[in-house]
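What follows is a set of notes on a single structure, which appears directly below.
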Amino acid sequence: MSSSFSAGPQALGYLYQVRYALDLILENREELQVSIESLDDVTFEEQGSPIELLQLKHHTNPASLTDRSSDLWKTIRVWSSFVKDGSVNSDTLLTLVTTGVAPDNSVSFLLKPGLHRNPKLATQQLRNIAQTSDSQSLAKAFDAFNELTPAQQEQLVNAIHIIDNSSNIINVVLNIKNRIKLSVRRDHLDSLYERLEGWWFSKIINHLNGASTVPVSGFEVSDKIRDIAEQFKPEALPIDYFNAEPSNPPDADADTRRFVIQLKAISINNKRIEKAILDYYRAFEQRSRWAREELLFGDEIEHYEKKLVDEWDRYRLMLQDELIIEDENETMHQQFGRQLYNWMDQKADIRIRPQVSEEYVMRGSYHILADQMSPTICWHPKFVERLTQLLPVS
């Protein structure tokens with residue numbers, strides 16, 4: 001459902017700026033830096049000086065960049081102020097990117113790249129419009145252009161390049177994928193794109209929020225693509241949930257899942273249990289995403305869990321040989337369980353693939369096994385025997 005007060009098109013416009021900026025930085029030289037909503041919608045800099053300013057205009061419906069188009073004149077108003085106060089020089093490129101179309105022989109058409117480009121004629125037409133039009137909605141834009149000297153007007157129009165009929169917010173995704181497609185195998189391209197855009201949007205949000213005032217360089221984007229692509233090699237898997245938090249904060253007292261009850265049975269303190277809850281959540285989400293994206297080989301998870309159980313069993317049997325536990329001594333049982341759990345939590349390094357070193361994958365997988373109806377993993381040596389007493393009544 002939509003209404004005349006919907007902010008959807010405006011929101012799409014902002015998202016379009018961010019997504020299109022990623023496409024642009026992939027297209028340009030790596031040494032260039034880009035910022036969003038600084039001097040203009042998108043600004044490219046080199047050694048601290050702006051070399052190109054871009055205004056981006058996104059339309060959900062067909063649009064025409066006519067001689068009296070508000071998109072054209074509002075952009076000219078902004079750039080006129082930059083020329084007047086010296087924010088840009090004659091070498092700065094001014095680019096208007098629009099999903100709309102420039103009609104033949106219009107001012108916008110005369111400022112498109114190509115043999116038909118004619119800034120001199122475009123300047124004459126703009127002067128005529130600014131001096132004769134009675135449009136109240138564009139009056140401030142006309143005033144800004146008229147306040148420039150003839151030489152400044154020529155400088156401004158010579159610098160303007162109009163790119164019409166540009167990809168919309170959906171189709172620009174195809175452009176980006178086309179630029180990064182050689183970084184990974186074809187079946188991993190969507191996964192690479194999703195992670196790259198997620199990182200990019202987070203980067204831009206921090207930039208807009210003032211957390212970082214440094215523009216993003218093309219080198220940084222290229223390095224990020226390589227880092228993500230490395231995670232799709234046969235000996236690796238992408239890590240996506242390192243800092244992920246569940247919607248409800250971990251609560252050791254209220255959580256009644258089996259793996260939590262197991263930890264309480266060996267007197268693990270609540271802070272450590274909350275860490276375990278986070279590991280469980282992150283591993284569950286990560287494994288689910290790997291499965292959705294078909295990044296796992298056949299029954300790889302099953303083989304990995306068998307490996308986890310085997311290593312746990314080996315260490316458990318070693319502890320049984322080393323420790324003498326009185327059958328009815330609950331304190332000894334808890335100490336045994338904590339020692340077994342501490343091995344997993346602090347010492348074990350059992351990886352699903354050689355380059356997947358993030359600990360939450362292993363720790364969380366152990367908790368998933370400990371959470372089964374008939375737990376494959378138990379920390380307390382008597383847990384299964386006492387299951388009916390330890391679990392709350394349904």
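Letters for chains follow the order of the structure tokens (A, B, ...), residue numbers begin at 1 for each chain, and ligand numbers begin at 1 in the order shown.
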Would you give me, as CSV, each residue of range 361-389 of chain A having an atom within 9 Å of an atom of range 275-298 of chain A, along with its shortest atom pair and that distance in Å to one decimal, using only C-alpha atoms and sorting by chain and residue number?
```
residue,atom,partner,partner_atom,distance
A:Val361,CA,A:Ala283,CA,4.9
A:Met362,CA,A:Ala283,CA,7.7
A:Arg363,CA,A:Asp279,CA,6.1
A:Gly364,CA,A:Tyr280,CA,4.0
A:Ser365,CA,A:Ala283,CA,6.2
A:Tyr366,CA,A:Tyr280,CA,8.2
A:His367,CA,A:Tyr280,CA,5.9
A:Ile368,CA,A:Tyr280,CA,6.5
```
Note to self: Residues near range 216-225 of chain A, anyone? I mean within 6 Å using only C-alpha atoms, not counting same-chain ones fewer than 5 positions away, as a PyMOL selection string.
What the structure shows: chain A and resi 25+30-34
Using C-alpha atoms, can you write the selected residues to a file as a PDB file, in the first residue's frame?
```pdb
ATOM      1  CA  ILE A  25      34.504   3.122  -7.366  1.00  0.00           C
ATOM      2  CA  GLU A  30      42.018   2.350  -7.338  1.00  0.00           C
ATOM      3  CA  GLU A  31      43.913   5.386  -6.051  1.00  0.00           C
ATOM      4  CA  LEU A  32      40.775   7.536  -6.123  1.00  0.00           C
ATOM      5  CA  GLN A  33      38.760   8.104  -2.941  1.00  0.00           C
ATOM      6  CA  VAL A  34      35.002   8.446  -2.712  1.00  0.00           C
TER       7      VAL A  34
END
```
Using only C-alpha atoms, the shortest atom-to-atom distance to Leu110 in chain A among A:Arg179, A:His161, A:Lys233, A:Arg351 belongs to A:His161
Counting only C-alpha atoms, what is within 8 Å of Val18 in chain A, bar same-chain residues fewer than 4 positions away, as a CSV table (one decimal) with N, CA and C atoms, in the first residue's frame?
```csv
chain,number,residue,atom,x,y,z
A,14,TYR,N,18.3,7.7,-1.8
A,14,TYR,CA,19.5,7.6,-1.0
A,14,TYR,C,20.2,6.3,-1.1
A,22,LEU,N,29.3,2.4,-5.2
A,22,LEU,CA,30.1,1.2,-5.2
A,22,LEU,C,30.4,0.8,-6.6
A,36,ILE,N,30.4,10.1,0.3
A,36,ILE,CA,28.9,10.2,0.1
A,36,ILE,C,28.4,11.4,0.9
A,201,PHE,N,27.8,-0.9,2.7
A,201,PHE,CA,26.7,-0.1,3.3
A,201,PHE,C,27.1,0.2,4.8
A,204,ILE,N,29.7,3.0,4.7
A,204,ILE,CA,29.1,4.3,4.4
A,204,ILE,C,28.3,4.9,5.5
```
- Task: Would you please give, as a PyMOL selection string, all residues of range 146-204 of chain A that DSSP assigns to helix (DSSP H, G or I) based on the backbone?
- Result: chain A and resi 146+150-159+172-183+186-204
Write out, as a PDB file, in the first residue's frame, the residues just selected, with C-alpha atoms.
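So the final result, stored in again_7.pdb, reads:
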```
ATOM      1  CA  ASN A 146      22.293  34.323 -13.517  1.00  0.00           C
ATOM      2  CA  PRO A 150      29.533  34.825 -18.398  1.00  0.00           C
ATOM      3  CA  ALA A 151      32.982  33.261 -17.959  1.00  0.00           C
ATOM      4  CA  GLN A 152      31.798  31.334 -14.871  1.00  0.00           C
ATOM      5  CA  GLN A 153      28.704  30.146 -16.710  1.00  0.00           C
ATOM      6  CA  GLU A 154      30.888  28.810 -19.510  1.00  0.00           C
ATOM      7  CA  GLN A 155      33.198  27.152 -16.982  1.00  0.00           C
ATOM      8  CA  LEU A 156      30.219  25.514 -15.309  1.00  0.00           C
ATOM      9  CA  VAL A 157      28.563  24.216 -18.473  1.00  0.00           C
ATOM     10  CA  ASN A 158      31.864  23.000 -19.950  1.00  0.00           C
ATOM     11  CA  ALA A 159      32.366  20.876 -16.824  1.00  0.00           C
ATOM     12  CA  VAL A 172      23.053  -1.502 -11.044  1.00  0.00           C
ATOM     13  CA  VAL A 173      23.520  -4.744  -9.084  1.00  0.00           C
ATOM     14  CA  LEU A 174      24.188  -6.502 -12.390  1.00  0.00           C
ATOM     15  CA  ASN A 175      26.849  -3.900 -13.201  1.00  0.00           C
ATOM     16  CA  ILE A 176      28.604  -4.501  -9.882  1.00  0.00           C
ATOM     17  CA  LYS A 177      28.473  -8.274 -10.258  1.00  0.00           C
ATOM     18  CA  ASN A 178      29.929  -7.959 -13.725  1.00  0.00           C
ATOM     19  CA  ARG A 179      32.890  -5.995 -12.321  1.00  0.00           C
ATOM     20  CA  ILE A 180      33.673  -8.543  -9.585  1.00  0.00           C
ATOM     21  CA  LYS A 181      32.803 -11.773 -11.421  1.00  0.00           C
ATOM     22  CA  LEU A 182      36.427 -12.774 -12.030  1.00  0.00           C
ATOM     23  CA  SER A 183      37.186 -12.773  -8.286  1.00  0.00           C
ATOM     24  CA  ARG A 186      30.496 -18.282 -10.889  1.00  0.00           C
ATOM     25  CA  ASP A 187      28.415 -20.198  -8.316  1.00  0.00           C
ATOM     26  CA  HIS A 188      29.844 -18.010  -5.513  1.00  0.00           C
ATOM     27  CA  LEU A 189      29.252 -14.658  -7.224  1.00  0.00           C
ATOM     28  CA  ASP A 190      25.962 -13.880  -5.456  1.00  0.00           C
ATOM     29  CA  SER A 191      27.494 -14.708  -2.081  1.00  0.00           C
ATOM     30  CA  LEU A 192      30.491 -12.477  -2.772  1.00  0.00           C
ATOM     31  CA  TYR A 193      28.232  -9.629  -3.859  1.00  0.00           C
ATOM     32  CA  GLU A 194      26.010  -9.866  -0.768  1.00  0.00           C
ATOM     33  CA  ARG A 195      28.989  -9.712   1.582  1.00  0.00           C
ATOM     34  CA  LEU A 196      30.677  -6.911  -0.347  1.00  0.00           C
ATOM     35  CA  GLU A 197      27.549  -4.765  -0.360  1.00  0.00           C
ATOM     36  CA  GLY A 198      26.913  -5.475   3.317  1.00  0.00           C
ATOM     37  CA  TRP A 199      30.421  -4.276   4.151  1.00  0.00           C
ATOM     38  CA  TRP A 200      30.037  -1.267   1.834  1.00  0.00           C
ATOM     39  CA  PHE A 201      26.742  -0.109   3.319  1.00  0.00           C
ATOM     40  CA  SER A 202      28.145  -0.481   6.847  1.00  0.00           C
ATOM     41  CA  LYS A 203      31.203   1.523   5.813  1.00  0.00           C
ATOM     42  CA  ILE A 204      29.094   4.322   4.353  1.00  0.00           C
TER      43      ILE A 204
END
```
Which distance in Å separates CA of Asn89 in chain A and CA of Thr132 in chain A, to one decimal?
->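 Straight-line distance from CA of Asn89 in chain A to CA of Thr132 in chain A works out to 28.4 Å.
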note - CA of Ser38 in chain A and CA of Leu56 in chain A are separated by 13.6 Å
Please provide the set of residues having any atom within 10 Å of Pro62 in chain A, restricted to only C-alpha atoms, with same-chain residues fewer than 3 positions apart removed, written as a JSON list (two decimals) with C-alpha atoms, in the first residue's frame.
```json
[["chain", "number", "residue", "atom", "x", "y", "z"],
["A", 59, "HIS", "CA", 13.14, 7.58, -10.74],
["A", 99, "THR", "CA", 17.63, 7.03, -14.78],
["A", 100, "GLY", "CA", 15.61, 9.49, -16.88],
["A", 101, "VAL", "CA", 16.15, 10.22, -20.58],
["A", 165, "ASN", "CA", 19.14, 6.32, -19.07]]
```
**Test item, strand (DSSP E or B) assignment across range 27-269 of chain A, answer as a PyMOL selection string** = chain A and resi 33-36+42-46+49-57+64+93-98+101+160-163+216-217
Keeping only C-alpha atoms, write the selected residues as a PDB file, in the first residue's frame.
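As a result, result-v3.pdb now contains:
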```pdb
ATOM      1  CA  GLN A  33      38.760   8.104  -2.941  1.00  0.00           C
ATOM      2  CA  VAL A  34      35.002   8.446  -2.712  1.00  0.00           C
ATOM      3  CA  SER A  35      32.713  10.074  -0.148  1.00  0.00           C
ATOM      4  CA  ILE A  36      28.921  10.224   0.061  1.00  0.00           C
ATOM      5  CA  VAL A  42      29.033  11.428  -4.518  1.00  0.00           C
ATOM      6  CA  THR A  43      32.480  13.025  -4.577  1.00  0.00           C
ATOM      7  CA  PHE A  44      35.660  11.553  -6.011  1.00  0.00           C
ATOM      8  CA  GLU A  45      38.903  12.908  -4.632  1.00  0.00           C
ATOM      9  CA  GLU A  46      42.573  12.518  -5.424  1.00  0.00           C
ATOM     10  CA  SER A  49      41.147  17.550  -3.924  1.00  0.00           C
ATOM     11  CA  PRO A  50      37.762  16.909  -5.575  1.00  0.00           C
ATOM     12  CA  ILE A  51      38.144  15.789  -9.168  1.00  0.00           C
ATOM     13  CA  GLU A  52      34.524  14.806  -9.856  1.00  0.00           C
ATOM     14  CA  LEU A  53      31.198  15.682  -8.271  1.00  0.00           C
ATOM     15  CA  LEU A  54      28.160  13.555  -9.052  1.00  0.00           C
ATOM     16  CA  GLN A  55      24.465  14.235  -8.637  1.00  0.00           C
ATOM     17  CA  LEU A  56      22.377  11.057  -8.834  1.00  0.00           C
ATOM     18  CA  LYS A  57      18.696  11.141  -9.780  1.00  0.00           C
ATOM     19  CA  SER A  64      12.474  13.072 -19.019  1.00  0.00           C
ATOM     20  CA  LEU A  93      34.190  17.200 -13.600  1.00  0.00           C
ATOM     21  CA  LEU A  94      30.490  17.698 -12.816  1.00  0.00           C
ATOM     22  CA  THR A  95      28.391  14.660 -13.637  1.00  0.00           C
ATOM     23  CA  LEU A  96      24.623  14.274 -13.490  1.00  0.00           C
ATOM     24  CA  VAL A  97      23.589  10.629 -13.508  1.00  0.00           C
ATOM     25  CA  THR A  98      19.888   9.963 -14.057  1.00  0.00           C
ATOM     26  CA  VAL A 101      16.148  10.219 -20.577  1.00  0.00           C
ATOM     27  CA  ILE A 160      28.890  19.289 -16.891  1.00  0.00           C
ATOM     28  CA  HIS A 161      28.487  15.781 -18.285  1.00  0.00           C
ATOM     29  CA  ILE A 162      25.074  14.145 -18.280  1.00  0.00           C
ATOM     30  CA  ILE A 163      24.706  10.379 -18.163  1.00  0.00           C
ATOM     31  CA  VAL A 216      36.911   5.241   1.056  1.00  0.00           C
ATOM     32  CA  SER A 217      39.628   4.445  -1.452  1.00  0.00           C
TER      33      SER A 217
END
```
**OP:** Would you please work out which residue, of A:Asn342, A:Gln231, A:Ser90, A:Ser81, is nearest to Leu39 in chain A when using only C-alpha atoms?
**Re:**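 Of the candidates, the smallest distance to Leu39 in chain A is held by A:Ser81.
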*Would you please work out which residue, of A:Gln372, A:Val78, A:Trp73, A:Leu26, is nearest to Asp40 in chain A when using only C-alpha atoms?*
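Among A:Gln372, A:Val78, A:Trp73, A:Leu26, it is A:Val78 that comes nearest to Asp40 in chain A.
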| message | Nearest residue to Val214 in chain A out of A:Leu308, A:His116, A:Gly48, A:Ile273, using only C-alpha atoms? | response |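 Comparing A:Leu308, A:His116, A:Gly48, A:Ile273 against Val214 in chain A, the winner is A:Gly48.
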Notebook entry, point to check: What does the distance between CA of Asp313 in chain A and CA of Tyr341 in chain A come to in Å, to one decimal place?
Noted result: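 Interatomic distance here is 11.9 Å.
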Counting only C-alpha atoms, which residues in range 183-288 of chain A sit no more than 12 Å from range 375-389 of chain A? For each one, give the nearest pair of atoms and the distance in Å, sorted by chain then residue number, as JSON lines.
```
{"residue": "A:Arg257", "atom": "CA", "partner": "A:Pro375", "partner_atom": "CA", "distance": 11.6}
{"residue": "A:Arg258", "atom": "CA", "partner": "A:Pro375", "partner_atom": "CA", "distance": 8.2}
{"residue": "A:Phe259", "atom": "CA", "partner": "A:Pro375", "partner_atom": "CA", "distance": 8.6}
{"residue": "A:Val260", "atom": "CA", "partner": "A:Trp379", "partner_atom": "CA", "distance": 11.1}
{"residue": "A:Ile261", "atom": "CA", "partner": "A:Leu387", "partner_atom": "CA", "distance": 9.7}
{"residue": "A:Gln262", "atom": "CA", "partner": "A:Trp379", "partner_atom": "CA", "distance": 6.7}
{"residue": "A:Leu263", "atom": "CA", "partner": "A:Trp379", "partner_atom": "CA", "distance": 7.5}
{"residue": "A:Lys264", "atom": "CA", "partner": "A:His380", "partner_atom": "CA", "distance": 9.7}
{"residue": "A:Ala265", "atom": "CA", "partner": "A:His380", "partner_atom": "CA", "distance": 6.7}
{"residue": "A:Ile266", "atom": "CA", "partner": "A:His380", "partner_atom": "CA", "distance": 6.1}
{"residue": "A:Ser267", "atom": "CA", "partner": "A:His380", "partner_atom": "CA", "distance": 9.9}
{"residue": "A:Ile268", "atom": "CA", "partner": "A:Trp379", "partner_atom": "CA", "distance": 10.8}
```
Check your understanding: Of the candidates A:Ala252, A:Asp91, A:Phe82, A:His58, which shows the shortest atom-to-atom distance to Ile170 in chain A, using only C-alpha atoms?
Key ->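 With only C-alpha atoms as the atom set, the closest residue is A:His58.
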Within 12 Å of Ser137 in chain A, counting only C-alpha atoms, which residues show up once you throw out same-chain ones fewer than 2 positions away? Write them as a list of chain:residue names, please.
A:Arg68, A:Ser69, A:Ser70, A:Asp71, A:Trp73, A:Lys74, A:Ser133, A:Asp134, A:Ser135, A:Ala139, A:Lys140, A:Ala141, A:Phe142, A:Asp143
